[in-house]
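*Asks:* Below you'll find entry_10.csv; it's CSV, C-alpha atoms.
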```csv
chain,number,residue,atom,x,y,z
A,1,MET,CA,20.2,48.7,41.5
A,2,ASP,CA,20.3,50.8,38.4
A,3,ILE,CA,23.9,49.9,37.8
A,4,ARG,CA,23.1,46.2,38.2
A,5,ALA,CA,20.2,46.4,35.8
A,6,PHE,CA,22.3,48.2,33.3
A,7,ALA,CA,25.1,45.6,33.7
A,8,VAL,CA,22.6,42.7,33.1
A,9,ALA,CA,21.1,44.4,30.1
A,10,LEU,CA,24.6,45.0,28.7
A,11,THR,CA,25.6,41.4,29.2
A,12,LEU,CA,22.4,40.1,27.5
A,13,ALA,CA,22.8,42.6,24.6
A,14,ALA,CA,26.3,41.4,24.1
A,15,ALA,CA,25.7,37.7,24.6
A,16,LEU,CA,22.5,37.2,22.5
A,17,PRO,CA,23.7,38.4,19.2
A,18,GLY,CA,26.8,36.2,19.8
A,19,ALA,CA,24.5,33.2,20.4
A,20,ALA,CA,22.5,34.1,17.3
A,21,VAL,CA,25.7,34.2,15.3
A,22,ALA,CA,26.8,30.8,16.8
A,23,GLN,CA,23.4,29.3,15.9
A,24,GLU,CA,23.7,30.8,12.4
A,25,ASP,CA,27.1,29.0,12.0
A,26,VAL,CA,25.6,25.8,13.2
A,27,ARG,CA,22.7,26.1,10.8
A,28,LYS,CA,25.0,27.0,7.9
A,29,GLN,CA,27.0,23.8,8.5
A,30,ALA,CA,23.8,21.8,8.7
A,31,VAL,CA,22.4,23.4,5.6
A,32,ALA,CA,25.5,22.5,3.7
A,33,GLN,CA,25.0,18.8,4.7
A,34,VAL,CA,21.3,19.0,3.8
A,35,GLU,CA,22.1,20.5,0.4
A,36,PHE,CA,24.7,17.9,-0.4
A,37,GLY,CA,22.2,15.2,0.7
A,38,ILE,CA,19.6,16.6,-1.7
A,39,THR,CA,22.1,16.6,-4.6
A,40,VAL,CA,23.0,12.9,-4.0
A,41,ALA,CA,19.4,11.9,-3.3
A,42,GLN,CA,18.4,13.3,-6.7
A,43,LYS,CA,21.1,11.1,-8.2
A,44,ASN,CA,19.5,8.1,-6.4
A,45,LEU,CA,22.4,7.7,-3.9
A,46,TRP,CA,20.2,7.4,-0.9
A,47,GLN,CA,22.8,5.8,1.5
A,48,GLU,CA,25.0,8.8,1.1
A,49,ALA,CA,22.0,11.1,1.6
A,50,VAL,CA,21.2,9.3,4.8
A,51,TYR,CA,24.8,9.9,6.0
A,52,ARG,CA,24.6,13.6,5.1
A,53,TRP,CA,21.2,14.2,6.7
A,54,GLN,CA,22.1,12.3,9.8
A,55,LYS,CA,25.1,14.5,10.1
A,56,ALA,CA,22.9,17.6,9.7
A,57,THR,CA,20.6,16.5,12.5
A,58,GLU,CA,23.7,15.9,14.7
A,59,ILE,CA,25.1,19.4,13.9
A,60,ASP,CA,21.7,21.0,14.4
A,61,PRO,CA,19.1,18.9,16.3
A,62,THR,CA,16.5,21.7,15.8
A,63,TYR,CA,16.6,21.5,12.0
A,64,ALA,CA,13.2,20.1,10.9
A,65,ALA,CA,14.1,19.9,7.2
A,66,ALA,CA,17.0,17.6,8.0
A,67,PHE,CA,14.8,15.3,9.9
A,68,ASN,CA,12.2,15.4,7.2
A,69,ASN,CA,14.7,14.5,4.5
A,70,LEU,CA,16.2,11.8,6.7
A,71,ALA,CA,12.8,10.3,7.1
A,72,ILE,CA,12.3,10.2,3.3
A,73,ALA,CA,15.6,8.5,2.8
A,74,TYR,CA,14.7,5.9,5.4
A,75,GLU,CA,11.4,5.3,3.6
A,76,GLN,CA,13.2,4.8,0.3
A,77,LEU,CA,15.4,2.2,2.0
A,78,GLY,CA,12.4,0.4,3.6
A,79,LYS,CA,13.5,1.4,7.1
A,80,PHE,CA,10.0,2.2,8.4
A,81,GLU,CA,10.8,2.4,12.1
A,82,GLU,CA,13.6,4.9,11.6
A,83,ALA,CA,11.5,6.9,9.1
A,84,GLY,CA,8.7,7.1,11.6
A,85,LYS,CA,10.9,8.5,14.3
A,86,ALA,CA,12.5,11.0,12.0
A,87,TYR,CA,9.1,12.2,10.8
A,88,GLU,CA,7.9,12.6,14.4
A,89,ARG,CA,10.9,14.7,15.3
A,90,ALA,CA,10.4,16.9,12.1
A,91,VAL,CA,6.7,17.4,12.9
A,92,GLU,CA,7.5,18.2,16.6
A,93,LEU,CA,10.0,20.9,15.4
A,94,GLU,CA,7.8,22.4,12.8
A,95,PRO,CA,4.1,21.4,13.4
A,96,GLU,CA,2.8,24.0,11.0
A,97,ASN,CA,5.0,22.9,8.1
A,98,LEU,CA,2.5,21.5,5.5
A,99,SER,CA,5.2,19.8,3.4
A,100,ILE,CA,6.4,17.8,6.4
A,101,GLN,CA,2.8,17.0,7.4
A,102,GLN,CA,2.0,15.8,3.8
A,103,ASN,CA,5.1,13.6,3.7
A,104,TYR,CA,4.3,12.2,7.1
A,105,ASP,CA,0.7,11.4,6.1
A,106,LEU,CA,1.8,9.6,3.0
A,107,PHE,CA,4.4,7.7,5.0
A,108,LYS,CA,1.8,6.6,7.6
A,109,GLU,CA,-0.5,5.2,4.8
A,110,LEU,CA,2.4,3.2,3.4
A,111,ASN,CA,3.6,2.1,6.8
A,112,ASP,CA,0.1,0.8,7.7
A,113,ARG,CA,0.2,-1.3,4.5
A,114,ALA,CA,3.6,-2.7,5.3
A,115,ARG,CA,2.5,-3.5,8.9
A,116,ARG,CA,-0.5,-5.3,7.6
A,117,ALA,CA,1.7,-7.3,5.3
A,118,GLN,CA,4.1,-8.2,8.1
A,119,SER,CA,1.4,-9.1,10.6
A,120,ARG,CA,-0.1,-11.7,8.4
B,1,MET,CA,19.3,52.6,28.6
B,2,THR,CA,16.8,50.1,29.6
B,3,ALA,CA,14.9,50.7,26.4
B,4,ARG,CA,18.1,50.3,24.3
B,5,ALA,CA,18.8,47.0,26.1
B,6,GLY,CA,15.3,45.9,25.4
B,7,LEU,CA,15.8,46.8,21.7
B,8,SER,CA,19.0,44.8,21.6
B,9,LEU,CA,17.2,41.8,23.1
B,10,ALA,CA,14.4,42.1,20.6
B,11,SER,CA,16.8,42.3,17.6
B,12,ALA,CA,18.8,39.4,18.9
B,13,ALA,CA,15.6,37.3,19.2
B,14,LEU,CA,14.5,38.3,15.7
B,15,ALA,CA,17.9,37.4,14.3
B,16,THR,CA,17.7,34.0,16.0
B,17,THR,CA,14.2,33.5,14.7
B,18,LEU,CA,15.3,34.3,11.2
B,19,VAL,CA,18.2,31.9,11.3
B,20,VAL,CA,16.1,29.2,12.8
B,21,THR,CA,13.2,29.7,10.4
B,22,GLY,CA,15.3,30.5,7.3
B,23,CYS,CA,13.9,30.5,3.8
B,24,THR,CA,12.6,27.0,2.8
B,25,SER,CA,13.3,25.6,-0.6
B,26,ILE,CA,11.5,22.5,-1.7
B,27,TYR,CA,12.5,19.7,-4.0
B,28,GLU,CA,10.0,17.0,-5.1
B,29,VAL,CA,11.7,13.6,-5.4
B,30,PRO,CA,10.3,10.3,-6.6
B,31,ILE,CA,10.7,7.5,-4.1
B,32,ASP,CA,10.4,3.7,-4.6
B,33,THR,CA,9.7,2.1,-1.2
B,34,PRO,CA,10.1,-1.6,-0.8
B,35,ILE,CA,7.3,-3.5,1.0
B,36,GLN,CA,8.5,-6.9,2.3
B,37,ALA,CA,6.8,-10.0,1.0
B,38,LYS,CA,4.1,-11.4,3.3
B,39,LEU,CA,5.3,-14.9,3.0
B,40,ASP,CA,8.8,-16.4,3.1
B,41,VAL,CA,8.9,-18.4,-0.1
B,42,THR,CA,12.7,-19.1,0.0
B,43,PRO,CA,12.1,-22.9,0.7
B,44,PHE,CA,10.2,-23.1,-2.7
B,45,GLN,CA,11.5,-23.3,-6.2
B,46,ARG,CA,8.1,-23.7,-7.9
B,47,VAL,CA,4.6,-22.4,-7.5
B,48,HIS,CA,1.6,-24.3,-8.6
B,49,VAL,CA,-1.7,-22.4,-9.1
B,50,VAL,CA,-3.9,-25.5,-9.0
B,51,GLY,CA,-7.3,-23.9,-9.4
B,52,PHE,CA,-10.1,-22.4,-7.5
B,53,ILE,CA,-13.6,-23.2,-6.4
B,54,GLY,CA,-15.5,-20.6,-8.4
B,55,GLY,CA,-19.0,-19.4,-9.0
B,56,GLY,CA,-21.4,-16.6,-9.6
B,57,SER,CA,-21.8,-15.2,-13.1
B,58,ASP,CA,-22.2,-17.6,-16.1
B,59,GLU,CA,-20.4,-15.1,-18.4
B,60,VAL,CA,-17.0,-15.7,-16.9
B,61,ASP,CA,-15.4,-18.9,-15.6
B,62,PRO,CA,-13.7,-17.5,-12.5
B,63,ASN,CA,-11.6,-20.6,-12.0
B,64,LEU,CA,-10.1,-20.7,-15.4
B,65,GLU,CA,-9.6,-17.0,-15.8
B,66,THR,CA,-8.0,-16.6,-12.3
B,67,VAL,CA,-5.6,-19.5,-12.9
B,68,ARG,CA,-4.6,-18.1,-16.3
B,69,LEU,CA,-4.1,-14.6,-14.9
B,70,LEU,CA,-2.2,-15.5,-11.8
B,71,ARG,CA,0.1,-17.8,-13.7
B,72,SER,CA,1.0,-15.2,-16.2
B,73,GLN,CA,1.6,-12.6,-13.5
B,74,LEU,CA,3.8,-15.0,-11.5
B,75,ARG,CA,5.8,-15.9,-14.5
B,76,THR,CA,6.9,-12.3,-15.0
B,77,LYS,CA,6.8,-11.0,-11.4
B,78,SER,CA,8.1,-13.8,-9.2
B,79,ARG,CA,11.3,-15.7,-9.0
B,80,LEU,CA,9.4,-19.0,-8.6
B,81,ARG,CA,9.0,-21.3,-11.6
B,82,VAL,CA,5.3,-21.6,-12.5
B,83,ILE,CA,4.0,-25.1,-13.1
B,84,ASP,CA,1.9,-25.5,-16.2
B,85,ALA,CA,-0.8,-28.1,-15.6
B,86,ASP,CA,-4.5,-28.4,-16.1
B,87,PRO,CA,-6.4,-26.8,-13.3
B,88,LEU,CA,-7.8,-29.3,-10.8
B,89,PRO,CA,-11.5,-30.0,-10.7
B,90,LEU,CA,-11.7,-28.8,-7.0
B,91,GLU,CA,-15.5,-28.9,-6.7
B,92,GLN,CA,-15.5,-32.5,-7.7
B,93,VAL,CA,-12.6,-33.2,-5.3
B,94,ALA,CA,-14.5,-31.6,-2.5
B,95,ARG,CA,-17.6,-33.7,-3.3
B,96,GLN,CA,-15.5,-36.9,-3.3
B,97,GLN,CA,-13.9,-35.9,0.0
B,98,ALA,CA,-17.3,-35.2,1.5
B,99,GLY,CA,-18.2,-38.8,0.8
B,100,GLY,CA,-20.0,-38.6,-2.5
B,101,THR,CA,-22.5,-36.1,-3.5
B,102,VAL,CA,-23.7,-34.4,-0.4
B,103,THR,CA,-26.5,-32.1,-1.4
B,104,ALA,CA,-28.9,-30.0,0.5
B,105,ALA,CA,-31.4,-32.8,0.5
B,106,ASP,CA,-29.2,-35.4,2.3
B,107,ALA,CA,-27.1,-33.0,4.4
B,108,PRO,CA,-29.2,-33.2,7.6
B,109,GLU,CA,-28.8,-37.0,7.6
B,110,THR,CA,-25.0,-37.0,7.2
B,111,GLY,CA,-24.5,-34.1,9.5
B,112,GLN,CA,-22.3,-32.4,6.9
B,113,MET,CA,-22.7,-29.0,5.3
B,114,ALA,CA,-24.5,-29.3,2.0
B,115,LEU,CA,-22.4,-28.8,-1.1
B,116,PRO,CA,-24.6,-26.7,-3.3
B,117,GLU,CA,-25.2,-27.9,-6.8
B,118,ARG,CA,-24.4,-24.5,-8.2
B,119,ILE,CA,-22.2,-21.9,-6.5
B,120,ARG,CA,-24.0,-18.5,-6.7
B,121,ASP,CA,-22.6,-16.4,-3.9
B,122,GLU,CA,-20.2,-16.4,-1.0
B,123,LYS,CA,-22.5,-18.4,1.3
B,124,ASP,CA,-22.4,-21.3,-1.1
B,125,LEU,CA,-18.6,-21.6,-0.7
B,126,GLU,CA,-18.7,-22.2,3.1
B,127,ALA,CA,-19.3,-25.9,2.6
B,128,TYR,CA,-16.1,-26.2,0.5
B,129,GLU,CA,-13.8,-24.8,3.2
B,130,PRO,CA,-12.8,-28.3,4.6
B,131,LEU,CA,-11.1,-29.0,1.3
B,132,PHE,CA,-8.4,-26.4,2.0
B,133,ALA,CA,-7.7,-27.8,5.5
B,134,ASN,CA,-7.2,-31.4,4.1
B,135,ALA,CA,-3.4,-31.5,4.6
B,136,ASP,CA,-3.1,-35.1,3.3
B,137,TYR,CA,-4.7,-34.2,0.0
B,138,TRP,CA,-2.5,-31.2,-0.6
B,139,LYS,CA,0.6,-33.1,0.5
B,140,ARG,CA,-0.2,-35.7,-2.2
B,141,ILE,CA,-0.6,-32.9,-4.8
B,142,GLY,CA,2.7,-31.5,-3.5
B,143,GLU,CA,4.5,-34.8,-4.0
B,144,GLU,CA,3.2,-35.1,-7.5
B,145,PHE,CA,4.6,-31.7,-8.5
B,146,GLN,CA,7.9,-31.7,-6.6
B,147,GLN,CA,6.7,-29.9,-3.5
B,148,PRO,CA,5.8,-26.5,-4.8
B,149,LEU,CA,4.1,-23.7,-3.1
B,150,ILE,CA,0.4,-24.3,-3.9
B,151,VAL,CA,-2.0,-21.5,-4.7
B,152,THR,CA,-5.7,-22.2,-4.5
B,153,GLY,CA,-8.8,-20.8,-3.0
B,154,THR,CA,-12.2,-19.5,-4.0
B,155,VAL,CA,-13.4,-16.9,-6.5
B,156,ILE,CA,-16.9,-15.5,-6.7
B,157,PHE,CA,-17.7,-13.2,-9.6
B,158,ARG,CA,-21.3,-12.1,-9.7
B,159,ALA,CA,-23.5,-9.5,-11.3
B,160,HIS,CA,-24.7,-6.8,-9.0
B,161,GLN,CA,-27.3,-4.0,-9.3
B,162,ALA,CA,-27.6,-0.9,-7.2
B,163,SER,CA,-29.6,2.2,-7.4
B,164,GLY,CA,-29.1,5.4,-5.4
B,165,ILE,CA,-27.9,8.9,-5.3
B,166,VAL,CA,-24.5,9.5,-7.0
B,167,THR,CA,-22.6,12.7,-7.4
B,168,GLN,CA,-21.9,13.7,-10.9
B,169,GLU,CA,-20.1,16.7,-12.4
B,170,ARG,CA,-22.2,19.1,-14.5
B,171,GLU,CA,-20.9,21.8,-16.8
B,172,ILE,CA,-22.5,25.2,-16.7
B,173,TYR,CA,-21.8,28.0,-19.1
B,174,ASP,CA,-22.7,31.6,-18.1
B,175,GLN,CA,-23.8,34.4,-20.4
B,176,PHE,CA,-20.1,35.1,-21.3
B,177,GLY,CA,-19.5,31.5,-22.3
B,178,ARG,CA,-17.4,30.8,-19.2
B,179,ARG,CA,-17.5,27.2,-18.2
B,180,THR,CA,-17.8,26.0,-14.6
B,181,VAL,CA,-18.2,22.5,-13.3
B,182,VAL,CA,-20.6,21.9,-10.4
B,183,PRO,CA,-21.2,18.7,-8.5
B,184,GLN,CA,-24.8,17.5,-8.9
B,185,ARG,CA,-26.5,14.7,-7.0
B,186,VAL,CA,-28.6,12.5,-9.2
B,187,PHE,CA,-30.5,9.2,-8.7
B,188,MET,CA,-29.1,6.5,-10.9
B,189,GLU,CA,-29.7,2.9,-11.7
B,190,ARG,CA,-26.3,1.1,-11.9
B,191,LYS,CA,-25.2,-2.4,-12.6
B,192,GLY,CA,-21.9,-4.1,-12.4
B,193,PHE,CA,-20.1,-6.9,-10.8
B,194,ILE,CA,-18.6,-8.0,-7.5
B,195,LEU,CA,-15.4,-10.0,-7.3
B,196,ARG,CA,-14.6,-11.9,-4.1
B,197,PRO,CA,-11.5,-14.0,-4.3
B,198,LYS,CA,-9.8,-15.8,-1.4
B,199,PHE,CA,-6.3,-16.9,-2.1
B,200,VAL,CA,-5.0,-19.8,0.0
B,201,PHE,CA,-1.3,-20.6,0.0
B,202,ILE,CA,-0.4,-24.1,0.9
B,203,ASP,CA,3.0,-25.7,1.7
B,204,GLY,CA,3.4,-28.5,-0.9
B,205,ARG,CA,5.8,-30.4,1.4
B,206,THR,CA,3.4,-30.6,4.4
B,207,GLY,CA,0.0,-29.8,3.0
B,208,ALA,CA,-0.5,-27.1,5.6
B,209,VAL,CA,-2.1,-23.8,4.9
B,210,LEU,CA,0.6,-21.1,5.2
B,211,TYR,CA,-1.4,-18.0,4.6
B,212,GLN,CA,-4.7,-16.9,3.2
B,213,GLU,CA,-6.2,-13.6,2.2
B,214,SER,CA,-9.6,-12.5,1.1
B,215,TYR,CA,-10.5,-9.5,-1.1
B,216,ARG,CA,-13.6,-7.7,-2.2
B,217,GLU,CA,-13.9,-5.5,-5.3
B,218,GLU,CA,-17.0,-4.0,-6.8
B,219,ARG,CA,-17.5,-2.0,-10.0
B,220,LEU,CA,-20.8,-0.3,-10.9
B,221,TYR,CA,-21.5,1.2,-14.2
B,222,PRO,CA,-24.5,3.3,-15.6
B,223,THR,CA,-27.2,0.9,-16.9
B,224,GLN,CA,-26.8,2.3,-20.5
B,225,GLN,CA,-23.1,1.4,-20.5
B,226,ASN,CA,-22.6,-2.2,-21.6
B,227,VAL,CA,-19.5,-3.4,-19.9
B,228,PRO,CA,-18.6,-7.0,-20.7
B,229,ALA,CA,-18.3,-9.2,-17.7
B,230,LEU,CA,-14.8,-10.4,-18.6
B,231,SER,CA,-13.6,-6.8,-18.9
B,232,SER,CA,-14.9,-6.0,-15.5
B,233,PHE,CA,-13.4,-9.2,-14.1
B,234,PHE,CA,-9.9,-8.1,-15.3
B,235,GLU,CA,-10.4,-4.5,-14.2
B,236,GLN,CA,-11.1,-5.7,-10.7
B,237,MET,CA,-8.4,-8.3,-10.7
B,238,ASP,CA,-6.0,-5.7,-11.8
B,239,ALA,CA,-6.7,-3.7,-8.6
B,240,LEU,CA,-5.9,-6.6,-6.3
B,241,LEU,CA,-3.0,-8.1,-8.1
B,242,PRO,CA,-0.3,-6.0,-6.5
B,243,SER,CA,-1.4,-7.2,-3.1
B,244,PHE,CA,-1.5,-10.8,-4.3
B,245,LEU,CA,2.0,-10.5,-5.7
B,246,ASN,CA,3.2,-8.9,-2.5
B,247,THR,CA,2.5,-12.1,-0.7
B,248,LEU,CA,5.2,-13.9,-2.6
B,249,SER,CA,7.7,-11.2,-3.4
B,250,THR,CA,8.9,-7.8,-2.2
B,251,THR,CA,7.1,-5.1,-4.1
B,252,ARG,CA,8.1,-1.5,-4.5
B,253,VAL,CA,5.5,1.3,-4.1
B,254,ARG,CA,6.2,4.4,-6.1
B,255,GLY,CA,5.4,7.8,-4.8
B,256,SER,CA,6.9,11.2,-4.3
B,257,ARG,CA,8.0,13.2,-1.3
B,258,ILE,CA,9.1,16.8,-0.7
B,259,LEU,CA,12.7,17.3,0.4
B,260,LEU,CA,13.3,20.6,2.3
B,261,LYS,CA,16.3,22.8,2.6
```
Show the structure stored in the file as structure tokens.
*Replies:*
Amino acid sequence: MDIRAFAVALTLAAALPGAAVAQEDVRKQAVAQVEFGITVAQKNLWQEAVYRWQKATEIDPTYAAAFNNLAIAYEQLGKFEEAGKAYERAVELEPENLSIQQNYDLFKELNDRARRAQSR
Amino acid sequence: MTARAGLSLASAALATTLVVTGCTSIYEVPIDTPIQAKLDVTPFQRVHVVGFIGGGSDEVDPNLETVRLLRSQLRTKSRLRVIDADPLPLEQVARQQAGGTVTAADAPETGQMALPERIRDEKDLEAYEPLFANADYWKRIGEEFQQPLIVTGTVIFRAHQASGIVTQEREIYDQFGRRTVVPQRVFMERKGFILRPKFVFIDGRTGAVLYQESYREERLYPTQQNVPALSSFFEQMDALLPSFLNTLSTTRVRGSRILLK
């Protein structure tokens, strides 16, 4: 039993840092996409930013910032449904993030206005 | 050994957490979100703000001022050509359509709602509502002006007084001359104006009402502040103009959001 427990512990100890490194690589790739997206968004190239941030969310589906940025880009392009979904995912991933929450609140206000406009 | 394994597990978990959490950088960006127009105006080349049934304050002619303001806004902020023509005497038209002068005195006999001699508030406007539903009349107006999009409706602009508790900011200086601002609730007499426009959009080809929207604005000022009625009228109109313009054309709402890394 002792030998088995030792073997399990050894395997976990070896595997988990590996998993962390792999996750780190994934996040690095996603961050690179997010950073490029920010650069182009600041130059008002929102379509390109959408492409970059979509890629970032595909590379790392747990990256809240990528979903947050994607939602903002969709807002800028008037794609309210897609923006809503991206914000929801960002909030789900990081419920305590005040910046995401603030963006989401502002979006909801705008979305209500757009909906009122469309329903009339 | 078990303890070492446990330590490895903990450090691995910590490493994962650090990677996942990361250090967040924020970038504030301006955004300019398009809000689609409430009405599809592609079939129209022209817009005709024909006039409004107005009332309330004697200091401002709500019909004339609204016509003038909407036309000037549409000229610069809409792709439609604005027709310049004298505003229609809609009150008179409504009376004619009601079969002459229907007043409060003869209303019970005719079974029609009385058209008040003078429009003072929102209630007085109810009797004029059938005018907007008279498709034949609007179709005739449409034919006269090459079938534009017709903008009409009602506008009440009236004086209003209110007294009550309001929160004001009060400056306090301590013995070292340091200034602090504290909220203070005080009783105040205030006067101002209420603006209640209803915009009705009519298809000049068929005379049918396409869309209508009502607004309510109110501004109250301290009694000692003498705000001219016309100035308050424009202040309040200014607040609802974006929504009016959004009926006919896509508007963009400016704001800012926080991008994260």
*Asks:* Choose the residue, out of B:Arg216, B:His48, B:Arg170, B:Arg190, that has the smallest atom-to-atom separation from Ile83 (chain B); count all atoms listed in the file.
*Replies:*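 Closest candidate: B:His48.
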*Asks:* Please determine, counting only C-alpha atoms, which residue among B:Ile202, B:Leu241, B:Val82, B:Val227 has the shortest atom-to-atom distance to Tyr215 (chain B).
*Replies:*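 Smallest distance to Tyr215 (chain B) is found for B:Leu241.
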*Asks:* Rounded to one decimal, what separation in Å do you get between CA of Ala114 (chain A) and CA of Lys198 (chain B)?
*Replies:*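 Rounded to one decimal, the two atoms are 19.9 Å apart.
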*Asks:* In terms of the shortest atom-to-atom distance over only C-alpha atoms, which of A:Val91, A:Ala49, A:Ala22, A:Ala65 is closest to chain B?
*Replies:*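 Under the stated criterion, the closest residue is A:Ala65.
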*Asks:* Neighbours of region 251-260 of chain B within 7 Å (only C-alpha atoms; same-chain residues fewer than 3 positions away dropped), as a list in words?
*Replies:* Ala65, Asn69, Ile72, Ser99 and Asn103 of chain A; Thr24, Ser25, Ile26, Tyr27, Glu28, Val29, Pro30, Ile31, Asp32, Thr33, Pro34, Ile35, Gln36 and Asn246 of chain B
*Asks:* May I ask for the distance between CA of Glu94 (chain A) and CA of Arg113 (chain A), given in Å to one decimal place?
*Replies:*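 Interatomic distance here is 26.2 Å.
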*Asks:* Between B:Ile53, B:Ile165, B:Val60, B:Ala208, which is the closest to Phe233 (chain B) once you count all atoms listed in the file?
*Replies:* B:Val60
*Asks:* With distances taken over all atoms listed in the file, which of B:Val151, B:Leu245, B:Leu90, B:Val182 is nearest to chain A?
*Replies:* B:Leu245
*Asks:* Kindly indicate which residue among A:Leu70, A:Glu24, A:Ala64, A:Arg52 lies nearest to Pro95 (chain A), using only C-alpha atoms for the distances.
*Replies:*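 Of A:Leu70, A:Glu24, A:Ala64, A:Arg52, the one nearest Pro95 (chain A), counting only C-alpha atoms, is A:Ala64.
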*Asks:* Suppose you want the space between CA of Ala162 (chain B) and CA of Arg196 (chain B); what is it in Å?
*Replies:*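 Distance between the two atoms: 17.3 Å.
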*Asks:* Quick one: residues within 8 Å of Asp60 (chain A), only C-alpha atoms, excluding same-chain residues fewer than 3 positions away - as an MDAnalysis selection string?
*Replies:* chainID A and resid 26:27 30 56:57 63
*Asks:* List the neighbours of Arg118 (chain B) out to 10 Å using only C-alpha atoms; skip same-chain residues closer than 6 positions along the sequence, and give me the result as a short mmCIF file (atom, residue, chain, number, x, y, z; two decimals) with C-alpha atoms, in the coordinates of the input.
*Replies:*
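To be explicit, this is the file written out as around-v4.cif:
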```cif
data_model
loop_
_atom_site.label_atom_id
_atom_site.label_comp_id
_atom_site.auth_asym_id
_atom_site.auth_seq_id
_atom_site.Cartn_x
_atom_site.Cartn_y
_atom_site.Cartn_z
CA GLY B 54 -15.50 -20.60 -8.40
CA GLY B 55 -19.00 -19.40 -9.00
CA GLY B 56 -21.40 -16.60 -9.60
CA ASP B 124 -22.40 -21.30 -1.10
CA LEU B 125 -18.60 -21.60 -0.70
#
```
